[in-house]
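This report concerns only the one structure given below.
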Amino acid sequence: MSEKNEIMSSRPFFDNAGIEKILSDIRKTLKNGVLTDGPYVKKFEEAFAKYIGTAEAVALNSGTCSLEIALRYFDIRGREVVVPTNTFIASGNTVLFAGGKPILADIKEKTLCIDPDDVQKRITSKTKGIMVVHIAGLVCPEIYELKEICHDHGLFLIEDAAHAHGAMIDGKKAGSLGDAGSFSFYPTKVMTSCEGGMITTDDHKLAKIARSVRAHGIDKETGQAVRLGYNWRMHELSAIVGLRQLEQLETFIKKREEIAMKYEKGLRRIKGVKPIFTPSNIRNSYYKYPVLVDDEVDPVQLAAFMKSKFHINTGNVYYPPCHLHPLYKEMFGYREGDLPVSERVLRRVITLPMHVQLTASEINRVLKGLDVCLQKACNS
Amino acid sequence: MKIAIHQPNYLPYPGFFAKASLCEIFVLYDSAQFTRGDFMNRNRIRTFSHNGCMWLTLPVGKKKYEGVPISEVRIKDDAIFKQHRKTIETMYSRAPFFNKELCDSVGIGHEFLCEHNTFLIGYIFEKLGVKPKVVHASKLDIPIRRGTAGIVDIVKVLNGTEYISGLGAKTYLEEELFKKESIDLSYIEFQPIRYAQMHPGFVENLSIIDAVFNMGWKEVASALKNTSIKAA
């Protein structure tokens with residue numbers, strides 16, 4: 001199989017002009033020697049905060065540490081944070097690293113996002129906050145209900161917006177809807193800085209502490225360590241890449257929306273599969289394009305057929321859900337059946353290729369491949 | 001997939017069933033807010049006088065349910081179902097196609113307004129041979145939004161490709177929202193059915209039971225087929 005024929009499930013995109021701009025800025029940076037904590041990180045933070053609509057943005061070297069810093073700020077030691085089970089394991093792990101306990105909650109079948117009714121059931125006197133994950137680029141449609149729950153119980157709301165750069169609900173961007181937003185710039189994401197992350201917030205104190213924690217807990221004004229910290233800084237080369245990607249983010253999202261629309265139209269003709277619902281007040285950034293296959297389809301077989309017969313790479317969000325990972329089963333005693341909607345639904349989800357370089361003929365190939373493979377996966 | 005949406009009205013007028021006959025999924029919009037003075041808990045039938053008609057109203061409690069989803073509205077008076085059955089029997093027992101089964105169906109009581117209306121609508125669908133898949137909006141498990149956006153969400157979540165609307169909605173539907181989601185929008189052009197009413201004069205768009213008692217199920221079903229749809 002030649003690489004040329006393979007359709008990747010995701011891949012970053014840099015146009016020629018962008019590459020030239022990045023190289024030029026990197027050249028300047030290498031020559032002046034300011035490789036970290038310099039002007040590009042500052043510029044990237046300012047531009048990102050302006051884009052998201054928050055007062056502050058703090059650049060870091062991963063999405064994971066951006067979550068952990070926010071959780072540390074809210075001091076969750078010995079407390080509980082409700083987290084959807086449908087997320088990358090890092091979301092729950094950051095709660096543990098920050099000294100808290102992740103309490104996993106079930107999801108809504110239609111959107112794969114956290115279910116506020118299930119969240120309500122898991123709130124105890126130990127609960128300190130809620131983490132909402134905008135899964136696959138869909139702003140959690142129940143975000144207003146979650147905010148209300150937080151308000152009623154005095155809890156914080158952190159948005160894990162690792163998938164949702166530029167996604168919006170009622171014109172407001174993901175990352176500006178809670179007390180803190182957390183972004184990842186991993187290479188597969190809607191935009192990348194190679195590796196990297198960002199906290200967005202209107203809370204100046206949180207931003208100040210985040211800047212301290214990312215640099216070994218040192219207070220910038222006194223130069224002394226005032227808290228435990230790490231080396232979680234974003235370096236200048238990452239910020240240069242991130243800045244250029246941010247400039248193109250709206251174009252990327254438009255392209256992803258066009259691809260999603262083509263998939264949606266094509267899926268209407270294919271039996272045994274349906275897209276995940278995006279309410280019309282939400283702009284989905286389509287980090288991934290998840291589809292739900294019918295019960296009788298074996299999604300593992302389906303993905304294998306698509307790969308072997310049509311050279312199409314697919315993915316999932318997320319199977320197994322967090323509570324069925326051996327680590328969480330062992331640590332918290334989770335068992336099959338604990339979060340039934342997730343277990344029933346997520347095993348039937350596959351994600352179709354989604355990146356800005358997908359061509360019309362590749363989209364058609366994906367749809368055709370899916371149609372053929374669905375029948376095979378049904379009959380096998 | 002053609003979708004139509006309507007509030008679960010009480011013994012609705014023939015246009016309601018004409019719309020349902022043209023779609024594959026018919027959504028009873030029971031997550032919409034209950035509004036007083038609409039057709040959700042009342043409808044009209046003929047009386048003996050020239051062009052006379054009267055309301056059959058299911059009591060739901062003053063002001064209590066204003067703005068509440070229709071699915072949550074309870075009927076206040078258990079005796080009302082038998083009263084309506086009796087009134088209908090009195091007004092139509094001499095009608096050419098009077099049938100006791102329809103009358104008795106009206107007399108079967110339910111706790112919730114939507115439950116009662118759904119039961120009667122389902123019964124009438126069956127008799128008319130109208131066979132869309134019936135779905136309750138409240139069971140779709142999606143955030144409730146008002147106006148065109150709420151309708152678009154319902155069509156989208158059901159993977160609809162075409163939305164069939166009543167012509168009356170043309171004045172307020174935001175057509176561009178359908179276009180944005182690649183959903184075809186059509187309007188039904190329902191012409192009120194003309195038929196001989198057993199009481200003097202003619203009043204159009206009464207509850208469908210008036211047409212049924214005067215024309216019979218078969219003729220009503222046939223008349224509904226004359227309804228056409230037109231793309232927006």
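Just remember, in the structure tokens the first chain shown is A, the second B, etc., residues are 1-based per chain, and ligands are 1-based in the order shown.
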
task: Select residues of chain A: the criterion is any atom within 7 Å of an atom of chain B, counting only C-alpha atoms; output as a ChimeraX atom specification.
output: /A:141-142,277,279-280

- request: Could you give me, as a VMD selection string, the residues within 7 Å of Val133 (chain A), counting only C-alpha atoms and dropping anything in the same chain fewer than 6 positions from it?
  value: chain A and resid 87 113 159 to 161

Write out, as a compact mmCIF listing (two decimals), in the first residue's frame, the residues just selected, with C-alpha atoms.
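Result written to part-v5.txt:
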# COMPACT_ATOMS: atom_id res chain seq x y z
CA THR A 87 -12.69 11.64 27.51
CA CYS A 113 -21.09 14.85 25.98
CA GLU A 159 -13.83 23.37 30.18
CA ASP A 160 -11.58 20.76 28.64
CA ALA A 161 -11.57 22.38 25.20

- request: Using DSSP on the backbone coordinates, identify the residues of region 158-293 of chain A assigned to strand (DSSP E or B); present them as JSON, numbers by chain.
  value: {"A": [158, 159, 160, 168, 169, 172, 173, 180, 181, 182, 183, 184, 197, 198, 199, 200, 201, 215, 218, 225, 231, 235, 273, 274, 275, 282, 283, 289, 290, 291, 292, 293]}

query: What lies within 8 Å of Lys189 (chain A) using only C-alpha atoms, ignoring chain neighbours under 2 positions off, as an NGL selection string?
result: :A and (12 or 162-163 or 184-187 or 191-192 or 287)

Restricted to C-alpha atoms, what would the selected residues look like written as a short mmCIF file (atom, residue, chain, number, x, y, z; two decimals), in the first residue's frame?
data_model
loop_
_atom_site.label_atom_id
_atom_site.label_comp_id
_atom_site.auth_asym_id
_atom_site.auth_seq_id
_atom_site.Cartn_x
_atom_site.Cartn_y
_atom_site.Cartn_z
CA PRO A 12 -1.76 19.01 10.69
CA ALA A 162 -8.68 20.29 23.85
CA HIS A 163 -10.89 19.39 20.86
CA SER A 184 -4.23 21.34 23.65
CA PHE A 185 -2.10 22.03 20.58
CA TYR A 186 -1.07 18.44 19.95
CA PRO A 187 -0.35 17.83 16.23
CA MET A 191 -4.66 23.84 15.35
CA THR A 192 -1.23 22.91 16.62
CA TYR A 287 -11.79 18.02 15.54
#

- request: Select, from A:Lys126, A:Arg214, A:His235, A:His204, the residue with the minimum atom-to-atom distance to Gly154 (chain A), counting only C-alpha atoms.
  value: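 Looking at the shortest contact to Gly154 (chain A), the residue is A:Lys126.
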
message: Residues near Phe125 (chain B), anyone? I mean within 10 Å using only C-alpha atoms, not counting same-chain ones fewer than 5 positions away, as a ChimeraX atom specification.
response: /B:17,20-21,119-120,130-132,221

message: Using only C-alpha atoms, which protein or nucleic acid residues come within 12 Å of Ser308 (chain A)? Drop anything in the same chain fewer than 5 positions from it, and give the result as an NGL selection string.
response: :A and (1 or 5-7 or 301-303 or 313-314 or 369 or 373)

- request: Would you list the contacts of Tyr13 (chain B) as JSON, numbers by chain, taking every protein, DNA or RNA residue within 7 Å and counting only C-alpha atoms, but skipping same-chain residues closer than 6 positions in sequence?
  value: {"B": [205, 206, 207, 208]}

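Residues in contact range of Asp30 (chain B), defined as at most 6 Å between only C-alpha atoms, with sequence neighbours fewer than 2 positions away removed, read B:Leu28, B:Ala32, B:Ile70, B:Ser71, B:Ala137, B:Ser138.
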
field: Between CA of Glu66 (chain B) and CA of Gly37 (chain B), distance in Å (one decimal)
entry: 10.4 Å

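Between CA of Lys43 (chain A) and CA of Thr251 (chain A) lies a distance of 20.3 Å.
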
Residues of region 30-264 of chain A in alpha helix (DSSP H), written as JSON, numbers by chain: {"A": [30, 31, 32, 39, 40, 41, 42, 43, 44, 45, 46, 47, 48, 49, 50, 51, 52, 63, 64, 65, 66, 67, 68, 69, 70, 71, 72, 73, 89, 90, 91, 92, 93, 94, 95, 96, 97, 116, 117, 118, 119, 120, 121, 122, 143, 144, 145, 146, 147, 148, 149, 150, 151, 152, 153, 204, 205, 206, 207, 208, 209, 210, 211, 212, 213, 236, 237, 238, 239, 240, 241, 242, 243, 244, 245, 246, 247, 248, 249, 250, 251, 252, 253, 254, 255, 256, 257, 258, 259, 260, 261, 262, 263, 264]}

Please dump the current selection as a compact mmCIF listing (two decimals), in the first residue's frame; keep C-alpha atoms.
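This went into selection.txt:
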# COMPACT_ATOMS: atom_id res chain seq x y z
CA LEU A 30 17.53 31.29 16.79
CA LYS A 31 19.71 34.24 15.96
CA ASN A 32 18.59 36.43 18.86
CA PRO A 39 7.98 37.79 22.71
CA TYR A 40 6.29 35.07 20.61
CA VAL A 41 4.81 33.32 23.64
CA LYS A 42 3.46 36.68 24.82
CA LYS A 43 2.04 37.44 21.38
CA PHE A 44 0.49 34.00 21.13
CA GLU A 45 -1.14 34.41 24.55
CA GLU A 46 -2.55 37.83 23.69
CA ALA A 47 -3.85 36.72 20.30
CA PHE A 48 -5.39 33.55 21.72
CA ALA A 49 -7.13 35.40 24.58
CA LYS A 50 -8.53 37.91 22.10
CA TYR A 51 -9.74 35.13 19.80
CA ILE A 52 -11.43 33.15 22.59
CA GLY A 63 -3.03 20.51 27.35
CA THR A 64 -2.59 18.10 30.22
CA CYS A 65 -0.62 20.56 32.34
CA SER A 66 -3.10 23.31 31.54
CA LEU A 67 -5.84 21.17 33.10
CA GLU A 68 -3.70 20.31 36.08
CA ILE A 69 -2.77 23.92 36.77
CA ALA A 70 -6.42 25.00 36.71
CA LEU A 71 -7.32 22.14 39.07
CA ARG A 72 -4.44 23.04 41.40
CA TYR A 73 -5.64 26.64 41.46
CA ILE A 89 -7.60 9.47 30.22
CA ALA A 90 -5.52 12.60 30.86
CA SER A 91 -8.65 14.53 31.92
CA GLY A 92 -9.24 12.24 34.89
CA ASN A 93 -5.54 11.80 35.61
CA THR A 94 -5.01 15.52 36.09
CA VAL A 95 -7.58 15.45 38.89
CA LEU A 96 -5.52 12.73 40.57
CA PHE A 97 -2.26 14.59 40.06
CA PRO A 116 -26.12 16.97 33.54
CA ASP A 117 -28.74 14.67 35.11
CA ASP A 118 -26.04 12.11 35.82
CA VAL A 119 -23.74 14.86 37.10
CA GLN A 120 -26.42 15.93 39.59
CA LYS A 121 -26.58 12.41 40.98
CA ARG A 122 -22.82 12.38 41.62
CA ILE A 143 -23.29 23.79 29.09
CA TYR A 144 -25.91 26.20 30.46
CA GLU A 145 -27.39 23.48 32.66
CA LEU A 146 -23.92 22.62 33.92
CA LYS A 147 -23.26 26.28 34.73
CA GLU A 148 -26.50 26.38 36.65
CA ILE A 149 -25.55 23.26 38.62
CA CYS A 150 -22.18 24.85 39.43
CA HIS A 151 -23.87 28.05 40.50
CA ASP A 152 -26.40 26.22 42.70
CA HIS A 153 -23.74 24.11 44.45
CA HIS A 204 -6.33 37.31 36.63
CA LYS A 205 -5.27 35.53 39.82
CA LEU A 206 -5.52 32.14 38.10
CA ALA A 207 -3.44 33.45 35.19
CA LYS A 208 -0.79 34.82 37.56
CA ILE A 209 -0.53 31.52 39.44
CA ALA A 210 -0.44 29.56 36.17
CA ARG A 211 2.52 31.67 35.01
CA SER A 212 4.24 30.91 38.29
CA VAL A 213 3.51 27.15 38.29
CA GLU A 236 9.29 30.25 21.47
CA LEU A 237 9.39 27.87 18.49
CA SER A 238 6.08 26.33 19.56
CA ALA A 239 4.56 29.76 19.98
CA ILE A 240 5.72 30.76 16.47
CA VAL A 241 3.96 27.71 15.01
CA GLY A 242 0.90 28.30 17.19
CA LEU A 243 0.62 31.94 16.18
CA ARG A 244 0.63 31.12 12.48
CA GLN A 245 -1.92 28.34 13.00
CA LEU A 246 -4.15 30.68 15.00
CA GLU A 247 -4.14 33.15 12.11
CA GLN A 248 -5.53 30.38 9.90
CA LEU A 249 -7.87 28.79 12.44
CA GLU A 250 -11.07 30.28 11.01
CA THR A 251 -10.13 29.00 7.55
CA PHE A 252 -9.40 25.56 9.01
CA ILE A 253 -12.78 25.44 10.76
CA LYS A 254 -14.64 26.51 7.62
CA LYS A 255 -12.95 23.75 5.68
CA ARG A 256 -13.79 21.23 8.41
CA GLU A 257 -17.42 22.40 8.35
CA GLU A 258 -17.54 21.87 4.59
CA ILE A 259 -16.17 18.35 4.98
CA ALA A 260 -18.67 17.63 7.77
CA MET A 261 -21.54 18.83 5.58
CA LYS A 262 -20.40 16.52 2.77
CA TYR A 263 -20.20 13.62 5.20
CA GLU A 264 -23.63 14.44 6.61

- request: For CA of Gly99 (chain A) and CA of Gly78 (chain A), determine how far apart the two atoms are, in Å to one decimal place.
  value: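 Calculated distance between CA of Gly99 (chain A) and CA of Gly78 (chain A) is 6.3 Å.
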
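Counting only C-alpha atoms and comparing A:Ile282, A:Ala304, A:Ile270, A:Val345, the residue that lies closest to Val372 (chain A) is A:Ile270.
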
query: In terms of the shortest atom-to-atom distance over only C-alpha atoms, which of B:Arg36, B:His136, B:Lys218, B:His116 is closest to Val68 (chain B)?
result: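 Among B:Arg36, B:His136, B:Lys218, B:His116, it is B:Arg36 that comes nearest to Val68 (chain B).
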